[in-house]
$ cat data-v4.cif   # mmCIF, C-alpha atoms
data_my_file
#
loop_
_atom_site.label_atom_id
_atom_site.label_comp_id
_atom_site.auth_asym_id
_atom_site.auth_seq_id
_atom_site.Cartn_x
_atom_site.Cartn_y
_atom_site.Cartn_z
CA MET A 250 3.25 15.16 21.99
CA GLU A 251 5.38 12.34 23.42
CA ARG A 252 2.30 10.69 24.87
CA LEU A 253 0.59 10.82 21.46
CA GLY A 254 3.57 9.24 19.71
CA ALA A 255 3.95 6.51 22.30
CA TRP A 256 0.24 5.72 22.29
CA LEU A 257 0.01 5.49 18.52
CA ILE A 258 3.12 3.37 18.19
CA LYS A 259 1.99 0.99 20.93
CA ARG A 260 -1.47 0.72 19.41
CA CYS A 261 -0.35 0.02 15.87
CA ARG A 262 3.03 -1.60 15.57
CA SER A 263 1.92 -5.00 16.76
CA SER A 264 -0.71 -5.19 14.02
CA TYR A 265 1.93 -5.43 11.34
CA ARG A 266 4.82 -7.34 12.92
CA LEU A 267 5.36 -10.82 11.53
CA VAL A 268 7.40 -13.22 13.61
CA THR A 269 9.69 -14.91 11.05
CA GLN A 270 12.53 -17.39 10.95
CA ARG A 271 15.39 -19.15 9.07
CA ARG A 272 19.11 -19.03 8.10
CA SER A 273 22.43 -17.60 6.67
CA LEU A 274 24.08 -17.19 3.14
CA SER A 275 26.27 -16.68 -0.13
CA SER A 276 26.61 -13.79 -2.66
CA THR A 277 25.34 -12.31 -5.96
CA ALA A 278 25.05 -8.96 -7.69
CA ILE A 279 23.51 -7.70 -10.86
CA ASN A 280 24.74 -4.31 -11.98
CA ALA A 281 22.61 -2.33 -14.42
CA SER A 282 20.70 0.90 -14.51
CA SER A 283 18.69 0.87 -17.75
CA ASP A 284 14.90 0.89 -17.79
CA ASP A 285 14.56 -2.26 -19.92
CA ILE A 286 12.60 -5.31 -18.83
CA VAL A 287 15.60 -7.39 -17.80
CA ASN A 288 16.88 -4.75 -15.40
CA GLN A 289 13.63 -3.51 -13.88
CA VAL A 290 14.34 -5.59 -10.78
CA LEU A 291 18.00 -5.81 -9.78
CA VAL A 292 19.56 -8.01 -7.13
CA GLU A 293 22.33 -7.31 -4.63
CA GLY A 294 23.67 -9.91 -2.26
CA ARG A 295 26.48 -10.39 0.20
CA GLY A 296 26.67 -12.43 3.37
CA SER A 297 23.36 -13.89 4.43
CA SER A 298 21.04 -11.37 2.77
CA ARG A 299 19.57 -10.55 -0.61
CA THR A 300 18.21 -7.18 -1.71
CA ALA A 301 15.75 -6.70 -4.56
CA ILE A 302 15.94 -3.24 -6.14
CA LEU A 303 12.97 -1.81 -8.04
CA ASN A 304 14.69 -0.14 -10.98
CA ARG A 305 12.30 1.96 -13.06
CA PRO A 306 13.32 5.40 -11.76
CA SER A 307 11.84 7.20 -14.77
CA ALA A 308 8.43 5.73 -13.79
CA LEU A 309 9.02 6.19 -10.03
CA ASN A 310 9.53 2.41 -9.87
CA ALA A 311 5.88 1.71 -10.70
CA VAL A 312 5.47 -2.07 -10.70
CA ASN A 313 4.37 -3.80 -13.89
CA SER A 314 3.42 -7.42 -14.55
CA ALA A 315 6.96 -8.52 -15.46
CA MET A 316 8.32 -7.04 -12.23
CA GLY A 317 5.60 -8.82 -10.26
CA ALA A 318 6.58 -12.13 -11.83
CA LYS A 319 10.27 -11.58 -11.12
CA LEU A 320 9.64 -10.63 -7.49
CA ASN A 321 7.58 -13.78 -6.99
CA ASN A 322 10.31 -15.94 -8.49
CA LEU A 323 13.13 -14.32 -6.54
CA TYR A 324 11.37 -14.41 -3.18
CA ASN A 325 10.31 -18.04 -3.59
CA TYR A 326 13.86 -19.03 -4.50
CA TRP A 327 15.37 -17.07 -1.62
CA GLU A 328 12.95 -18.53 0.87
CA ASP A 329 13.99 -22.04 -0.12
CA ASP A 330 17.72 -21.25 0.03
CA PRO A 331 18.99 -22.21 3.52
CA THR A 332 22.05 -19.97 3.14
CA ILE A 333 19.90 -16.83 2.98
CA GLY A 334 18.88 -15.39 6.34
CA PHE A 335 16.82 -12.34 5.40
CA VAL A 336 15.64 -10.29 2.42
CA ALA A 337 15.40 -6.54 1.74
CA LEU A 338 13.57 -4.41 -0.82
CA LYS A 339 14.32 -0.86 -1.97
CA GLY A 340 13.85 1.45 -4.94
CA SER A 341 16.13 3.34 -7.32
CA GLY A 342 16.10 7.12 -7.52
CA ARG A 343 13.66 9.36 -5.66
CA ALA A 344 10.94 6.76 -5.11
CA PHE A 345 10.56 3.47 -3.35
CA CYS A 346 7.55 2.62 -5.51
CA ALA A 347 4.73 4.85 -6.79
CA GLY A 348 2.38 1.87 -7.05
CA GLY A 349 1.20 -0.31 -9.90
CA ASP A 350 1.76 0.81 -13.47
CA ILE A 351 -1.77 2.15 -13.92
CA VAL A 352 -0.96 3.87 -17.22
CA ALA A 353 0.01 0.50 -18.69
CA ILE A 354 -3.24 -0.98 -17.36
CA TYR A 355 -5.16 1.95 -18.89
CA HIS A 356 -3.67 1.24 -22.33
CA LEU A 357 -4.28 -2.50 -22.01
CA ILE A 358 -7.95 -1.89 -21.22
CA ASN A 359 -8.31 0.41 -24.22
CA GLN A 360 -6.67 -2.24 -26.40
CA GLY A 361 -9.08 -4.88 -25.12
CA LYS A 362 -6.29 -6.90 -23.47
CA ILE A 363 -8.22 -7.66 -20.30
CA GLU A 364 -6.50 -11.01 -19.70
CA GLU A 365 -3.17 -9.21 -19.38
CA CYS A 366 -4.73 -6.88 -16.82
CA LYS A 367 -5.96 -9.86 -14.82
CA GLU A 368 -2.49 -11.38 -14.92
CA PHE A 369 -1.04 -8.15 -13.57
CA PHE A 370 -3.36 -8.16 -10.56
CA ARG A 371 -2.81 -11.89 -9.94
CA ARG A 372 0.97 -11.48 -9.89
CA ILE A 373 1.04 -8.42 -7.64
CA TYR A 374 -1.54 -9.71 -5.16
CA SER A 375 0.15 -13.12 -5.04
CA PHE A 376 3.47 -11.45 -4.24
CA ILE A 377 1.85 -9.44 -1.46
CA TYR A 378 0.51 -12.64 0.08
CA LEU A 379 3.93 -14.26 -0.27
CA LEU A 380 5.49 -11.28 1.52
CA GLY A 381 2.84 -11.27 4.23
CA THR A 382 3.50 -14.94 5.02
CA TYR A 383 7.23 -14.94 4.32
CA LEU A 384 9.30 -17.34 6.42
CA LYS A 385 12.29 -15.04 6.66
CA PRO A 386 12.68 -11.52 8.05
CA HIS A 387 12.05 -8.77 5.50
CA VAL A 388 13.26 -5.17 5.45
CA ALA A 389 11.65 -2.59 3.14
CA ILE A 390 13.49 0.72 2.83
CA LEU A 391 10.75 3.23 2.04
CA ASN A 392 12.89 6.16 0.91
CA GLY A 393 10.85 8.53 -1.25
CA ILE A 394 7.43 8.06 -2.82
CA THR A 395 5.58 5.03 -1.40
CA MET A 396 2.06 4.99 -2.77
CA GLY A 397 -0.72 2.55 -3.60
CA GLY A 398 0.76 -0.77 -4.63
CA GLY A 399 4.15 0.42 -3.40
CA ALA A 400 2.76 0.29 0.12
CA GLY A 401 1.18 -3.07 -0.66
CA ILE A 402 4.49 -4.71 -1.55
CA SER A 403 6.16 -3.51 1.64
CA ILE A 404 3.80 -3.04 4.59
CA PRO A 405 2.92 -6.76 5.03
CA GLY A 406 6.63 -7.49 5.63
CA THR A 407 8.48 -7.59 8.96
CA PHE A 408 10.25 -4.21 8.99
CA ARG A 409 9.54 -0.93 7.14
CA VAL A 410 12.09 1.87 7.38
CA ALA A 411 10.64 5.33 6.68
CA THR A 412 12.85 8.38 6.14
CA GLY A 413 12.62 12.15 5.97
CA SER A 414 11.94 11.74 2.24
CA THR A 415 9.12 9.21 2.54
CA VAL A 416 5.73 10.20 1.12
CA PHE A 417 2.94 7.67 1.69
CA ALA A 418 -0.55 7.78 0.17
CA THR A 419 -3.34 5.58 -1.17
CA PRO A 420 -4.78 7.97 -3.79
CA GLU A 421 -6.85 5.47 -5.79
CA SER A 422 -10.22 7.18 -5.20
CA LEU A 423 -8.83 10.19 -7.09
CA ILE A 424 -8.40 8.03 -10.21
CA GLY A 425 -11.76 6.28 -9.99
CA PHE A 426 -10.46 3.11 -8.33
CA HIS A 427 -10.29 1.76 -4.77
CA PRO A 428 -7.30 1.30 -2.43
CA ASP A 429 -6.14 -2.21 -3.28
CA ALA A 430 -2.99 -4.34 -2.96
CA ALA A 431 -3.93 -5.23 0.64
CA ALA A 432 -4.82 -1.62 1.53
CA SER A 433 -8.19 -2.69 2.93
CA PHE A 434 -6.24 -4.90 5.35
CA TYR A 435 -3.56 -2.54 6.64
CA LEU A 436 -5.56 0.72 6.48
CA SER A 437 -8.41 -0.82 8.44
CA HIS A 438 -6.01 -1.65 11.29
CA LEU A 439 -4.79 1.92 11.79
CA PRO A 440 -5.84 3.94 14.87
CA GLY A 441 -9.51 4.86 14.98
CA HIS A 442 -10.83 5.72 11.53
CA LEU A 443 -7.57 7.02 10.11
CA GLY A 444 -7.80 4.26 7.47
CA GLU A 445 -11.11 5.57 6.16
CA TYR A 446 -9.68 9.09 6.00
CA LEU A 447 -6.61 8.01 4.03
CA ALA A 448 -8.63 5.77 1.70
CA LEU A 449 -11.23 8.37 0.83
CA THR A 450 -9.08 11.49 0.59
CA GLY A 451 -5.83 10.02 -0.71
CA GLU A 452 -3.98 12.43 1.57
CA LYS A 453 -0.27 11.99 2.19
CA LEU A 454 1.63 11.01 5.31
CA ASN A 455 5.31 11.70 5.87
CA GLY A 456 7.84 9.39 7.50
CA ALA A 457 7.27 10.70 11.01
CA GLU A 458 3.53 10.16 10.66
CA MET A 459 4.09 6.64 9.30
CA ILE A 460 6.15 5.65 12.32
CA ALA A 461 3.61 7.23 14.70
CA CYS A 462 0.61 5.38 13.28
CA GLY A 463 2.38 2.06 12.75
CA LEU A 464 2.74 1.94 8.98
CA ALA A 465 6.52 2.04 9.47
CA THR A 466 8.51 0.21 12.14
CA HIS A 467 11.63 2.43 12.02
CA TYR A 468 12.56 5.96 11.01
CA SER A 469 15.92 7.22 9.83
CA LEU A 470 17.22 10.40 8.27
CA SER A 471 17.80 9.85 4.55
CA GLU A 472 21.52 10.62 4.86
CA ARG A 473 21.91 7.70 7.29
CA LEU A 474 20.54 5.11 4.86
CA PRO A 475 23.99 4.15 3.48
CA GLN A 476 25.01 3.27 7.06
CA ILE A 477 21.87 1.18 7.56
CA GLU A 478 22.40 -0.67 4.30
CA GLU A 479 26.05 -1.31 5.08
CA GLN A 480 25.11 -2.58 8.55
CA LEU A 481 22.54 -4.95 7.04
CA ARG A 482 25.06 -6.25 4.50
CA LYS A 483 27.40 -7.22 7.35
CA LEU A 484 24.78 -9.27 9.18
CA ASP A 485 25.00 -13.06 9.10
CA THR A 486 21.67 -13.93 10.71
CA ASP A 487 18.10 -15.04 10.29
CA ASP A 488 17.09 -13.67 13.70
CA PRO A 489 14.52 -10.82 13.50
CA SER A 490 15.71 -9.41 16.84
CA VAL A 491 19.27 -9.05 15.53
CA ILE A 492 18.02 -7.28 12.41
CA GLU A 493 15.79 -5.05 14.51
CA ALA A 494 18.72 -4.09 16.73
CA ALA A 495 20.75 -3.17 13.64
CA LEU A 496 17.93 -0.96 12.35
CA GLU A 497 17.47 0.71 15.73
CA LYS A 498 21.17 1.53 15.91
CA TYR A 499 20.67 4.07 13.12
CA SER A 500 17.06 5.02 13.86
CA ASP A 501 16.02 8.54 14.80
CA LEU A 502 13.29 9.55 17.25
CA VAL A 503 10.67 11.74 15.59
CA TYR A 504 7.12 12.89 16.31
CA PRO A 505 4.45 14.29 13.97
CA GLU A 506 4.33 18.06 13.59
CA GLN A 507 1.54 19.98 15.32
CA THR A 508 -0.22 20.39 11.95
CA SER A 509 -0.36 16.62 11.42
CA VAL A 510 -3.71 14.92 10.98
CA LEU A 511 -2.64 12.59 13.79
CA HIS A 512 -3.26 15.44 16.22
CA ARG A 513 -6.86 15.58 14.96
CA ILE A 514 -7.74 11.97 15.65
CA SER A 515 -10.78 12.84 17.77
CA THR A 516 -12.27 15.12 15.07
CA LEU A 517 -11.33 12.65 12.37
CA ASP A 518 -12.97 9.77 14.23
CA LYS A 519 -16.13 11.81 14.84
CA CYS A 520 -16.50 12.40 11.09
CA PHE A 521 -14.99 9.36 9.38
CA GLY A 522 -16.48 6.90 11.86
CA LEU A 523 -19.95 7.62 10.48
CA GLU A 524 -21.76 5.02 8.42
CA THR A 525 -21.97 6.63 4.96
CA VAL A 526 -19.94 8.98 2.78
CA GLU A 527 -22.82 11.45 2.85
CA GLU A 528 -22.83 11.48 6.65
CA ILE A 529 -19.04 11.95 6.70
CA ILE A 530 -19.33 14.98 4.42
CA ASP A 531 -22.21 16.45 6.45
CA ALA A 532 -20.20 16.07 9.66
CA LEU A 533 -17.16 17.76 8.09
CA GLN A 534 -19.34 20.63 6.86
CA ASN A 535 -20.88 21.07 10.30
CA GLU A 536 -17.45 20.97 11.93
CA ALA A 537 -16.10 23.51 9.43
CA SER A 538 -19.03 25.86 10.10
CA ARG A 539 -18.73 25.47 13.85
CA SER A 540 -14.95 25.83 14.19
CA ASN A 541 -13.88 27.46 10.93
CA ASP A 542 -11.25 24.72 10.80
CA ALA A 543 -9.11 24.89 7.65
CA TRP A 544 -8.43 21.13 7.88
CA CYS A 545 -12.15 20.37 7.51
CA THR A 546 -12.41 22.68 4.52
CA ALA A 547 -9.36 21.13 2.84
CA THR A 548 -10.67 17.62 3.50
CA LEU A 549 -14.04 18.47 1.96
CA LYS A 550 -12.30 19.85 -1.12
CA ARG A 551 -10.32 16.65 -1.44
CA LEU A 552 -13.43 14.47 -1.20
CA LYS A 553 -15.12 16.50 -3.92
CA GLU A 554 -12.21 15.73 -6.26
CA ALA A 555 -12.67 11.97 -5.91
CA SER A 556 -14.95 9.69 -7.89
CA PRO A 557 -18.30 9.49 -6.04
CA LEU A 558 -18.59 5.80 -6.85
CA SER A 559 -15.02 5.15 -5.67
CA LEU A 560 -15.72 6.89 -2.37
CA LYS A 561 -18.60 4.56 -1.57
CA VAL A 562 -16.81 1.43 -2.79
CA SER A 563 -13.64 2.34 -0.88
CA LEU A 564 -15.47 3.04 2.37
CA ARG A 565 -17.19 -0.35 2.27
CA SER A 566 -13.89 -2.06 1.41
CA ILE A 567 -12.10 -0.63 4.45
CA ARG A 568 -15.01 -1.53 6.71
CA GLU A 569 -15.03 -5.13 5.46
CA GLY A 570 -11.25 -5.38 5.70
CA ARG A 571 -11.38 -4.63 9.42
CA PHE A 572 -12.86 -8.10 10.01
CA GLN A 573 -10.92 -10.09 7.41
CA THR A 574 -7.52 -11.77 7.18
CA LEU A 575 -4.88 -10.72 4.67
CA ASP A 576 -5.81 -13.44 2.18
CA GLN A 577 -9.53 -12.64 2.44
CA CYS A 578 -8.81 -8.97 1.72
CA LEU A 579 -6.65 -9.81 -1.30
CA VAL A 580 -9.23 -12.22 -2.75
CA ARG A 581 -11.98 -9.62 -2.32
CA GLU A 582 -9.84 -6.80 -3.73
CA TYR A 583 -9.06 -8.96 -6.78
CA LYS A 584 -12.79 -9.27 -7.49
CA MET A 585 -13.24 -5.54 -6.95
CA SER A 586 -10.34 -4.69 -9.24
CA LEU A 587 -11.62 -6.86 -12.06
CA HIS A 588 -15.09 -5.34 -11.70
CA GLY A 589 -13.47 -1.91 -11.63
CA ILE A 590 -11.64 -2.35 -14.95
CA SER A 591 -14.57 -4.06 -16.68
CA ASN A 592 -16.41 -0.75 -17.33
CA GLN A 593 -19.70 -2.57 -16.70
CA ILE A 594 -20.93 -0.16 -14.03
CA SER A 595 -18.66 2.80 -14.69
CA SER A 596 -15.56 3.75 -16.68
CA ASP A 597 -14.29 5.92 -13.82
CA PHE A 598 -10.93 4.12 -13.62
CA CYS A 599 -10.02 4.84 -17.24
CA GLU A 600 -11.39 8.36 -16.95
CA GLY A 601 -9.44 9.03 -13.76
CA VAL A 602 -6.16 7.75 -15.21
CA ARG A 603 -6.76 9.75 -18.40
CA ALA A 604 -7.39 12.97 -16.47
CA ARG A 605 -4.52 12.65 -13.99
CA MET A 606 -1.87 10.57 -15.72
CA VAL A 607 -2.38 10.67 -19.50
CA ASP A 608 -3.93 13.96 -20.69
CA LYS A 609 -3.26 15.58 -17.31
CA ASP A 610 -6.15 18.03 -17.60
CA PHE A 611 -7.17 17.14 -14.00
CA ALA A 612 -10.82 17.43 -14.99
CA PRO A 613 -12.30 13.92 -14.84
CA LYS A 614 -15.93 13.46 -15.83
CA TRP A 615 -17.11 10.98 -13.23
CA ASN A 616 -20.02 8.66 -13.94
CA PRO A 617 -22.14 8.87 -11.84
CA PRO A 618 -21.21 12.52 -11.27
CA SER A 619 -22.59 12.81 -7.72
CA LEU A 620 -23.00 10.74 -4.57
CA GLU A 621 -26.77 10.97 -4.85
CA GLN A 622 -26.64 9.11 -8.16
CA VAL A 623 -24.51 6.25 -6.83
CA SER A 624 -26.97 3.49 -6.06
CA LYS A 625 -26.55 0.65 -3.59
CA ASP A 626 -26.69 -1.81 -6.51
CA MET A 627 -23.72 -0.08 -8.15
CA VAL A 628 -21.63 -0.43 -5.01
CA ASP A 629 -22.81 -4.00 -4.41
CA HIS A 630 -21.66 -4.98 -7.91
CA TYR A 631 -18.00 -4.51 -6.93
CA PHE A 632 -18.37 -7.11 -4.19
CA LEU A 633 -20.18 -9.76 -6.25
CA PRO A 634 -18.57 -13.06 -7.33
CA LEU A 635 -16.78 -12.84 -10.67
CA GLY A 636 -18.99 -15.39 -12.42
CA GLU A 637 -18.97 -19.09 -13.21
CA LEU A 638 -16.28 -18.87 -15.91
CA GLU A 639 -14.04 -16.39 -14.11
CA PRO A 640 -11.84 -17.94 -11.41
CA ASP A 641 -11.15 -16.15 -8.15
CA LEU A 642 -7.65 -15.28 -7.04
CA VAL A 643 -6.15 -18.50 -5.69
CA LEU A 644 -3.68 -18.10 -2.82
CA PRO A 645 -1.75 -20.97 -1.18
CA THR A 646 -3.51 -20.60 2.17
CA LYS A 647 -3.10 -24.31 3.05
CA LEU A 648 0.66 -24.05 2.61
CA ARG A 649 1.11 -20.51 3.98
CA GLU A 650 -1.07 -19.41 6.87
CA ALA A 651 -2.59 -15.93 6.62
CA PHE A 652 -2.61 -13.64 9.62
CA ASN A 653 -5.23 -11.36 11.15
#

$ encode --input "data-v4.cif" --output "structure tokens"
Amino acid sequence: MERLGAWLIKRCRSSYRLVTQRRSLSSTAINASSDDIVNQVLVEGRGSSRTAILNRPSALNAVNSAMGAKLNNLYNYWEDDPTIGFVALKGSGRAFCAGGDIVAIYHLINQGKIEECKEFFRRIYSFIYLLGTYLKPHVAILNGITMGGGAGISIPGTFRVATGSTVFATPESLIGFHPDAAASFYLSHLPGHLGEYLALTGEKLNGAEMIACGLATHYSLSERLPQIEEQLRKLDTDDPSVIEAALEKYSDLVYPEQTSVLHRISTLDKCFGLETVEEIIDALQNEASRSNDAWCTATLKRLKEASPLSLKVSLRSIREGRFQTLDQCLVREYKMSLHGISNQISSDFCEGVRARMVDKDFAPKWNPPSLEQVSKDMVDHYFLPLGELEPDLVLPTKLREAFN
């Protein structure tokens, strides 16, 4: 087991580390706990650090457009402030961040307010690029639910602290969408074809699995978080190695349980490394028949719950992301997201959100209803240019260099 953990950590950690730099600080604090717009992102500061706190606990800190705008403004200001050495991000309550506010997007689409949807995606994706190219060390404390866009606004940063309460997933295919918010970048860099597995099934990883596969850089028991936060508040530095040493002081050594999917990497790779969704499913069925493996059966069940169109779109997205930079992934995902909410090819996104988040009948009527009816042209549509009158996502790549 130790060899597995060491191998996975060595193979993955370097893919996500950003070497960063800059300087020390002053102090601020905003104290509030209500769920109103003003207080949906709070700020703490002392010494040479600033901490942004996602503060929508009743919505599991799901990020909306206003929060995206505020995060962009805060992080740009902090980066330019020479007294601030590093920045942290955490969530209120039992979640770090459950992702983007997809219920709000669902209602905006139904109200015909597509421009507001576009603005949401622009703000969130722009913040992710800002984080991924940030000039100061960044610490994300991933205590609790960390899903979809919640992973997107944390994983591109320097350090990610997972805990015993962390639950990671990219479940977008289960709501008729695709893993976005830079998911096609970071999932595609995981060991073997673990990224395809997570993207297609939406299955969860715990904190120990996140540290083993490289999604997290540190692991700590939840009860030790107050000590970590206090230690960070005392630091007067912009040196990533000093911050790393402080995090490691309260880190715990953990390995995935024997039931973890990370102990099935060879079987997973054999199935999810195949070219098409149909071939992946056939391989899982053959493996289940041959070995009577409960994991194969459970994985097949999960795939059957997802939107057939989303499965094919998501698989192609991960495969393309493997050979693209962060900015290229975000620009492509922006196109895909706008095509996905347009309802031109399918209304699976609205149907998936309705079934899982609004009516909660968990009985989506996917269109097309089967993989056989998903044509190549349908999948290709998600990767097409937006059109002459629809601008692409513009990222400041000349000012801020993307990384591979």

$ atom_distance --input "data-v4.cif" --atom1 "CA of Ala353 in chain A" --atom2 "CA of Asn313 in chain A"
7.8 Å

$ atom_distance --input "data-v4.cif" --atom1 "CA of Ser298 in chain A" --atom2 "CA of Arg482 in chain A"
6.7 Å

$ closest_atom_pairs --input "data-v4.cif" --of "range 466-576 of chain A" --to "range 362-383 of chain A" --cutoff "12 Å" --atoms "all atoms listed in the file" --output "tab-separated table"
residue	atom	partner	partner_atom	distance
A:Thr574	CA	A:Tyr378	CA	10.8
A:Leu575	CA	A:Tyr378	CA	7.3
A:Asp576	CA	A:Tyr378	CA	6.7

$ axis_aligned_box --input "data-v4.cif" --around "range 473-491 of chain A" --padding-each-side "4 Å" --output "AutoDock Vina command-line options"
--center_x 21.0 --center_y -3.7 --center_z 10.2 --size_x 20.9 --size_y 30.7 --size_z 21.4

$ closest_residue --input "data-v4.cif" --among "A:Cys578, A:Tyr583, A:Gln573, A:Lys561" --to "Val623 in chain A" --atoms "all atoms listed in the file"
A:Lys561

$ residues_around --input "data-v4.cif" --residues "Glu639 in chain A" --least-positions-apart "4" --cutoff "10 Å" --atoms "only C-alpha atoms" --output "PDB file with C-alpha atoms, in the frame of the given file"
ATOM      1  CA  LYS A 584     -12.790  -9.270  -7.490  1.00  0.00           C
ATOM      2  CA  PRO A 634     -18.570 -13.060  -7.330  1.00  0.00           C
ATOM      3  CA  LEU A 635     -16.780 -12.840 -10.670  1.00  0.00           C
TER       4      LEU A 635
END

$ closest_residue --input "data-v4.cif" --among "A:Leu291, A:Thr450, A:Asn392, A:Leu423" --to "Lys614 in chain A" --atoms "only C-alpha atoms"
A:Leu423

$ residues_around --input "data-v4.cif" --residues "range 525-542 of chain A" --least-positions-apart "5" --cutoff "10 Å" --atoms "only C-alpha atoms" --output "PyMOL selection string"
chain A and resi 446+449+516-520+547-549+552-553+557+560-565+620-621

$ resolve_selection --input "data-v4.cif" --expression "the PyMOL selection byres ((chain A and resi 343-352) around 7)" --output "ChimeraX atom specification"
/A:309-313,339-342,353-356,391-399,602,606

$ resolve_selection --input "data-v4.cif" --expression "the PyMOL selection byres ((chain A and resi 467-471) around 8)" --output "VMD selection string"
chain A and resid 392 408 to 414 456 to 457 460 465 to 466 472 to 474 496 to 497 499 to 503

$ atom_distance --input "data-v4.cif" --atom1 "CA of Gly406 in chain A" --atom2 "CA of His387 in chain A"
5.6 Å

$ residues_around --input "data-v4.cif" --residues "Gly601 in chain A" --least-positions-apart "3" --cutoff "12 Å" --atoms "all atoms listed in the file" --output "PDB file with C-alpha atoms, in the coordinates of the input"
ATOM      1  CA  ILE A 351      -1.770   2.150 -13.920  1.00  0.00           C
ATOM      2  CA  VAL A 352      -0.960   3.870 -17.220  1.00  0.00           C
ATOM      3  CA  TYR A 355      -5.160   1.950 -18.890  1.00  0.00           C
ATOM      4  CA  PRO A 420      -4.780   7.970  -3.790  1.00  0.00           C
ATOM      5  CA  GLU A 421      -6.850   5.470  -5.790  1.00  0.00           C
ATOM      6  CA  SER A 422     -10.220   7.180  -5.200  1.00  0.00           C
ATOM      7  CA  LEU A 423      -8.830  10.190  -7.090  1.00  0.00           C
ATOM      8  CA  ILE A 424      -8.400   8.030 -10.210  1.00  0.00           C
ATOM      9  CA  GLY A 425     -11.760   6.280  -9.990  1.00  0.00           C
ATOM     10  CA  PHE A 426     -10.460   3.110  -8.330  1.00  0.00           C
ATOM     11  CA  HIS A 427     -10.290   1.760  -4.770  1.00  0.00           C
ATOM     12  CA  GLU A 554     -12.210  15.730  -6.260  1.00  0.00           C
ATOM     13  CA  ALA A 555     -12.670  11.970  -5.910  1.00  0.00           C
ATOM     14  CA  SER A 556     -14.950   9.690  -7.890  1.00  0.00           C
ATOM     15  CA  PRO A 557     -18.300   9.490  -6.040  1.00  0.00           C
ATOM     16  CA  LEU A 558     -18.590   5.800  -6.850  1.00  0.00           C
ATOM     17  CA  SER A 559     -15.020   5.150  -5.670  1.00  0.00           C
ATOM     18  CA  GLY A 589     -13.470  -1.910 -11.630  1.00  0.00           C
ATOM     19  CA  ILE A 590     -11.640  -2.350 -14.950  1.00  0.00           C
ATOM     20  CA  SER A 595     -18.660   2.800 -14.690  1.00  0.00           C
ATOM     21  CA  SER A 596     -15.560   3.750 -16.680  1.00  0.00           C
ATOM     22  CA  ASP A 597     -14.290   5.920 -13.820  1.00  0.00           C
ATOM     23  CA  PHE A 598     -10.930   4.120 -13.620  1.00  0.00           C
ATOM     24  CA  ALA A 604      -7.390  12.970 -16.470  1.00  0.00           C
ATOM     25  CA  ARG A 605      -4.520  12.650 -13.990  1.00  0.00           C
ATOM     26  CA  MET A 606      -1.870  10.570 -15.720  1.00  0.00           C
ATOM     27  CA  VAL A 607      -2.380  10.670 -19.500  1.00  0.00           C
ATOM     28  CA  ASP A 608      -3.930  13.960 -20.690  1.00  0.00           C
ATOM     29  CA  LYS A 609      -3.260  15.580 -17.310  1.00  0.00           C
ATOM     30  CA  ASP A 610      -6.150  18.030 -17.600  1.00  0.00           C
ATOM     31  CA  PHE A 611      -7.170  17.140 -14.000  1.00  0.00           C
ATOM     32  CA  ALA A 612     -10.820  17.430 -14.990  1.00  0.00           C
ATOM     33  CA  PRO A 613     -12.300  13.920 -14.840  1.00  0.00           C
ATOM     34  CA  LYS A 614     -15.930  13.460 -15.830  1.00  0.00           C
ATOM     35  CA  TRP A 615     -17.110  10.980 -13.230  1.00  0.00           C
ATOM     36  CA  ASN A 616     -20.020   8.660 -13.940  1.00  0.00           C
TER      37      ASN A 616
END

$ closest_residue --input "data-v4.cif" --among "A:Gly522, A:Gly636, A:Pro428, A:Gly317" --to "Ala448 in chain A" --atoms "only C-alpha atoms"
A:Pro428

$ closest_residue --input "data-v4.cif" --among "A:Ala301, A:Ser307, A:Met627, A:Lys498" --to "Asn321 in chain A" --atoms "all atoms listed in the file"
A:Ala301
